[in-house]
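S.K.: Sharing a structure, written as structure tokens. Questions coming.
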Number of protein chains: 2
Amino acid sequence: MASQAMEDYLLAIYRLEDLGRRPGTGEVAQELGVSAASTTAMFKRLAQEGLVSYREYGGVSLSERGRALALGLIRRHRLAERFLTDLLDLPWEGVHEIADRLEHALPPEVIERFAGLLGEPRTCPHGHPIPTRDGRLPYIEVRPLGSVEVGETAVVALVEERDAALLRHLGELGLKPGARVRVVEREPFDGSMRLECDGREILVSGRVAGAVAVHA
Amino acid sequence: MASQAMEDYLLAIYRLEDLGRRPGTGEVAQELGVSAASTTAMFKRLAQEGLVSYREYGGVSLSERGRALALGLIRRHRLAERFLTDLLDLPWEGVHEIADRLEHALPPEVIERFAGLLGEPRTCPHGHPIPTRDGRLPYIEVRPLGSVEVGETAVVALVEERDAALLRHLGELGLKPGARVRVVEREPFDGSMRLECDGREILVSGRVAGAVAVHA
DNA sequence: CTCGATTTTTAGTCGAGTCTAAAACCGAGT
DNA sequence: ACTCGGTTTTAGACTCGACTAAAAATCGAG
Ligand SMILES: [Mn+2]
Ligand SMILES: [Mn+2]
Ligand SMILES: [Mn+2]
Ligand SMILES: [Mn+2]
């Protein structure tokens, strides 16, 4: 019913809503790397299909149906990622991009088999929660790695998953969900830190630290 | 490089070439359930991309590149089917349709992992050979089930895979690749047969028998 | 409250892929 | 060699999704 393009817009809108705002044309356009004019056109199509409510010059918000569709897509995406890393043993920095295509092609039967085979996982390989079959998104309380004080210990909850090079670096450092880290030193000026993780000491810049969140 | 639509045309052309003819506009149109006008337009696009050679009013034939692309697609399709039945335990009558979408979305890394996990299978669940990584299609010599004489024993090689209802029926009868059958009785008029298969006697119509081939 | 900057929408174009209807072509049969 | 029937191509239209450039609306600073 919804085309691949429509699904990608719904996801972008969902992500922006999730950050608190009511997304406007410009934000969605930027998120998808598409022109503002294209976005206006798509907003109308989505509104026509009842997937968003759209006010001219006023942005969009997902309807119940639109949100349900977006959550289904996220479930497909994250279960696909899990499958690719856990069962196919593909590197965690590559699976996001693959899942971005598979999420549009995997039918429900396949997705639910994945869930079964993988033991109903609750998060994707990058730590983000997987929406349940009935469309609820489990909440995970996190805080920035940068907010952990010197001497404190914390457990990595999730990492930013869009930048493959960054992910590969995090993987080499051992900064994956579930890793226990202790802050050895922190530089308030630029946010860079020295951590103990997995027995060895590692150095992370403010930018890298900003891509990691720990359990609250 | 090649769109999903182009890939579907290439596959249709491949299948028709495989049957011996040089496919024309009408045949390809019918195979894909599309108008002849659309097919003419696509023939031009494919020729433009160097994937087929096209003569007006004279049909098409796959170029080296076109054939390689088609064989890659068939490899993806059949390995995906194997994966869906063997690892995900989905019914063999449903996987063809799912694979028809996945074949366009699965990247090489994933396909080769499938091949590894499944032990480099040589055929899809319906018995059709899987092209090798280097683009060769293993030849399997078969003959129609209908040509087996009364009293003879034969091993099912492959079955027609496009009709889901028929496939389900074949599955219930136990007529899957590898099954050993003995012909008990044969009605020359309409080709219907009585077979012994898996210890029990089954009755197959001429049409059903026509969907099954045995090893020569 | 107004003016200028920014954002959004509109207008117009494009390519891919589809359709229908009309024209052109080809090949057989007389 | 003509002609008729079927096939193929052309012509013209449509949808979806994208673009650029121009117009319109909104917002913020003075
Ligand atoms: Mn996507
Ligand atoms: Mn992820
Ligand atoms: Mn297909
Ligand atoms: Mn098959």
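Going through the structure tokens in order, the chains are called A, B, and so on, while each chain numbers its residues from 1 and the ligands are numbered from 1 in the order shown.
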Within 10 Å of DT9 in chain D, counting only C-alpha atoms (C1' of nucleotides), which residues show up once you throw out same-chain ones fewer than 5 positions away? Write them as number ranges by chain, please.
M.R.: B: 36-37, 40-41, 56-57; C: 23-25
S.K.: For the residues selected in the previous step, produce a file with N, CA, C and O atoms (P, O5', C5', C4', C3', O3' and C1' of nucleotides) as a PDB file, in the first residue's frame.
M.R.:
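Generated file (part17.pdb):
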ATOM      1  N   ALA B  36       2.314  -4.962 -24.528  1.00  0.00           N
ATOM      2  CA  ALA B  36       3.366  -5.053 -25.533  1.00  0.00           C
ATOM      3  C   ALA B  36       4.067  -3.709 -25.699  1.00  0.00           C
ATOM      4  O   ALA B  36       5.292  -3.659 -25.906  1.00  0.00           O
ATOM      5  N   ALA B  37       3.329  -2.625 -25.569  1.00  0.00           N
ATOM      6  CA  ALA B  37       3.926  -1.298 -25.729  1.00  0.00           C
ATOM      7  C   ALA B  37       4.990  -1.059 -24.661  1.00  0.00           C
ATOM      8  O   ALA B  37       6.092  -0.569 -24.954  1.00  0.00           O
ATOM      9  N   THR B  40       8.121  -3.035 -25.582  1.00  0.00           N
ATOM     10  CA  THR B  40       8.943  -2.386 -26.608  1.00  0.00           C
ATOM     11  C   THR B  40       9.793  -1.288 -25.980  1.00  0.00           C
ATOM     12  O   THR B  40      11.005  -1.195 -26.222  1.00  0.00           O
ATOM     13  N   ALA B  41       9.160  -0.466 -25.141  1.00  0.00           N
ATOM     14  CA  ALA B  41       9.895   0.627 -24.496  1.00  0.00           C
ATOM     15  C   ALA B  41      11.050   0.071 -23.673  1.00  0.00           C
ATOM     16  O   ALA B  41      12.170   0.591 -23.724  1.00  0.00           O
ATOM     17  N   GLU B  56      14.325  -4.247 -34.312  1.00  0.00           N
ATOM     18  CA  GLU B  56      12.900  -3.942 -34.435  1.00  0.00           C
ATOM     19  C   GLU B  56      12.183  -5.089 -35.127  1.00  0.00           C
ATOM     20  O   GLU B  56      12.670  -5.628 -36.122  1.00  0.00           O
ATOM     21  N   TYR B  57      11.066  -5.456 -34.599  1.00  0.00           N
ATOM     22  CA  TYR B  57      10.240  -6.547 -35.110  1.00  0.00           C
ATOM     23  C   TYR B  57      10.952  -7.899 -35.042  1.00  0.00           C
ATOM     24  O   TYR B  57      10.443  -8.873 -35.550  1.00  0.00           O
TER      25      TYR B  57
ATOM     26  P    DA C  23      -4.674   6.173 -37.180  1.00  0.00           P
ATOM     27  O5'  DA C  23      -3.210   5.737 -37.623  1.00  0.00           O
ATOM     28  C5'  DA C  23      -2.098   6.450 -37.082  1.00  0.00           C
ATOM     29  C4'  DA C  23      -0.862   5.597 -37.245  1.00  0.00           C
ATOM     30  C3'  DA C  23      -0.617   5.099 -38.663  1.00  0.00           C
ATOM     31  O3'  DA C  23       0.690   5.471 -39.023  1.00  0.00           O
ATOM     32  C1'  DA C  23      -0.493   3.305 -37.122  1.00  0.00           C
ATOM     33  P    DA C  24       1.208   5.167 -40.526  1.00  0.00           P
ATOM     34  O5'  DA C  24       2.144   3.903 -40.268  1.00  0.00           O
ATOM     35  C5'  DA C  24       3.211   4.024 -39.323  1.00  0.00           C
ATOM     36  C4'  DA C  24       3.884   2.679 -39.217  1.00  0.00           C
ATOM     37  C3'  DA C  24       4.268   2.068 -40.556  1.00  0.00           C
ATOM     38  O3'  DA C  24       5.604   1.682 -40.431  1.00  0.00           O
ATOM     39  C1'  DA C  24       3.038   0.513 -39.273  1.00  0.00           C
ATOM     40  P    DC C  25       6.405   1.180 -41.699  1.00  0.00           P
ATOM     41  O5'  DC C  25       6.525  -0.387 -41.457  1.00  0.00           O
ATOM     42  C5'  DC C  25       6.991  -0.840 -40.179  1.00  0.00           C
ATOM     43  C4'  DC C  25       6.617  -2.275 -40.027  1.00  0.00           C
ATOM     44  C3'  DC C  25       7.034  -3.156 -41.211  1.00  0.00           C
ATOM     45  O3'  DC C  25       8.012  -4.038 -40.734  1.00  0.00           O
ATOM     46  C1'  DC C  25       4.863  -3.688 -40.408  1.00  0.00           C
TER      47       DC C  25
END
S.K.: Could you list, with a cut-off of 7 Å and counting only C-alpha atoms, the residues of chain A near chain B, each shown with its nearest atom pair and the distance in Å rounded to one decimal, rows sorted by chain and ascending number, as JSON lines?
M.R.:
{"residue": "A:Leu88", "atom": "CA", "partner": "B:Arg113", "partner_atom": "CA", "distance": 6.1}
{"residue": "A:Arg101", "atom": "CA", "partner": "B:Ala105", "partner_atom": "CA", "distance": 6.2}
{"residue": "A:Leu102", "atom": "CA", "partner": "B:Ala105", "partner_atom": "CA", "distance": 6.1}
{"residue": "A:Ala105", "atom": "CA", "partner": "B:Arg101", "partner_atom": "CA", "distance": 6.1}
{"residue": "A:Arg113", "atom": "CA", "partner": "B:Leu88", "partner_atom": "CA", "distance": 6.1}
S.K.: Leaving out DG27 in chain C and any residue of its chain fewer than 2 positions from it, which residues lie within 12 Å of it when counting only C-alpha atoms (C1' of nucleotides), given as a ChimeraX atom specification?
M.R.: /B:57 /C:25,29 /D:3-7
S.K.: Pull the strand (DSSP E) assignments for range 20-209 of chain A out of DSSP run on the backbone, and list those residues as a PyMOL selection string.
M.R.: chain A and resi 52-54+60-62+142-144+153-159+180-186+193-197+200-204
S.K.: Determine, counting only C-alpha atoms (C1' of nucleotides), which protein, DNA and RNA residues have an atom within 6 Å of an atom of Val204 in chain A; residues of the same chain fewer than 3 positions away are not included. Present the result as a count of residues only.
M.R.: 3
S.K.: By how many Å are CA of Leu69 in chain A and CA of Leu73 in chain B apart?
M.R.: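 These two atoms are separated by 29.5 Å.
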S.K.: If I take CA of Leu62 in chain A and CA of Glu17 in chain A, how far is one from the other in Å, to one decimal?
M.R.: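 Atom-to-atom, CA of Leu62 in chain A and CA of Glu17 in chain A are spaced 8.4 Å apart.
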S.K.: List the neighbours of range 14-25 of chain D out to 10 Å using only C-alpha atoms (C1' of nucleotides); skip same-chain residues closer than 2 positions along the sequence, and give me the result as a list in words.
M.R.: Ser3, Ala5, Met6, Val34, Ser35, Ala37, Ser38, Thr39, Ala41, Met42, Glu56 and Tyr57 of chain A; DT7, DT8, DT9, DT10, DA11, DG12, DT13, DC14, DG15, DA16, DG17, DT18 and DC19 of chain C; DG12 and DC27 of chain D
S.K.: Applying 9 Å and only C-alpha atoms (C1' of nucleotides), which residues near Arg75 in chain A remain after dropping the ones on its own chain fewer than 5 positions away? List them as a PyMOL selection string.
M.R.: chain A and resi 70+80+103+111+129-133+135
S.K.: Using only C-alpha atoms, pick whichever of B:Thr153, B:Gln4, B:Ser147, B:Ser53 has the shortest atom-to-atom distance to Gly24 in chain B.
M.R.: B:Ser53
S.K.: Mind listing the residues within 9 Å of ligand 4, only C-alpha atoms (C1' of nucleotides) and all ligand atoms counted, as a ChimeraX atom specification?
M.R.: /B:77-79,81-82,92,95-96,99,123-129,159-162
S.K.: So what do you get for CA of Glu27 in chain B versus CA of Arg55 in chain B, distance-wise?
M.R.: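 Distance between the two atoms: 15.2 Å.
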S.K.: Give me the residues near DA5 in chain C as a ChimeraX atom specification, where near means some atom within 12 Å (using only C-alpha atoms (C1' of nucleotides)) and where sequence neighbours in that chain fewer than 4 positions away do not count.
M.R.: /D:26-29
S.K.: From a DSSP pass on the backbone, collect the residues of range 54-203 of chain B flagged as helix (DSSP H, G or I) and hand them back as a count of residues only.
M.R.: 55
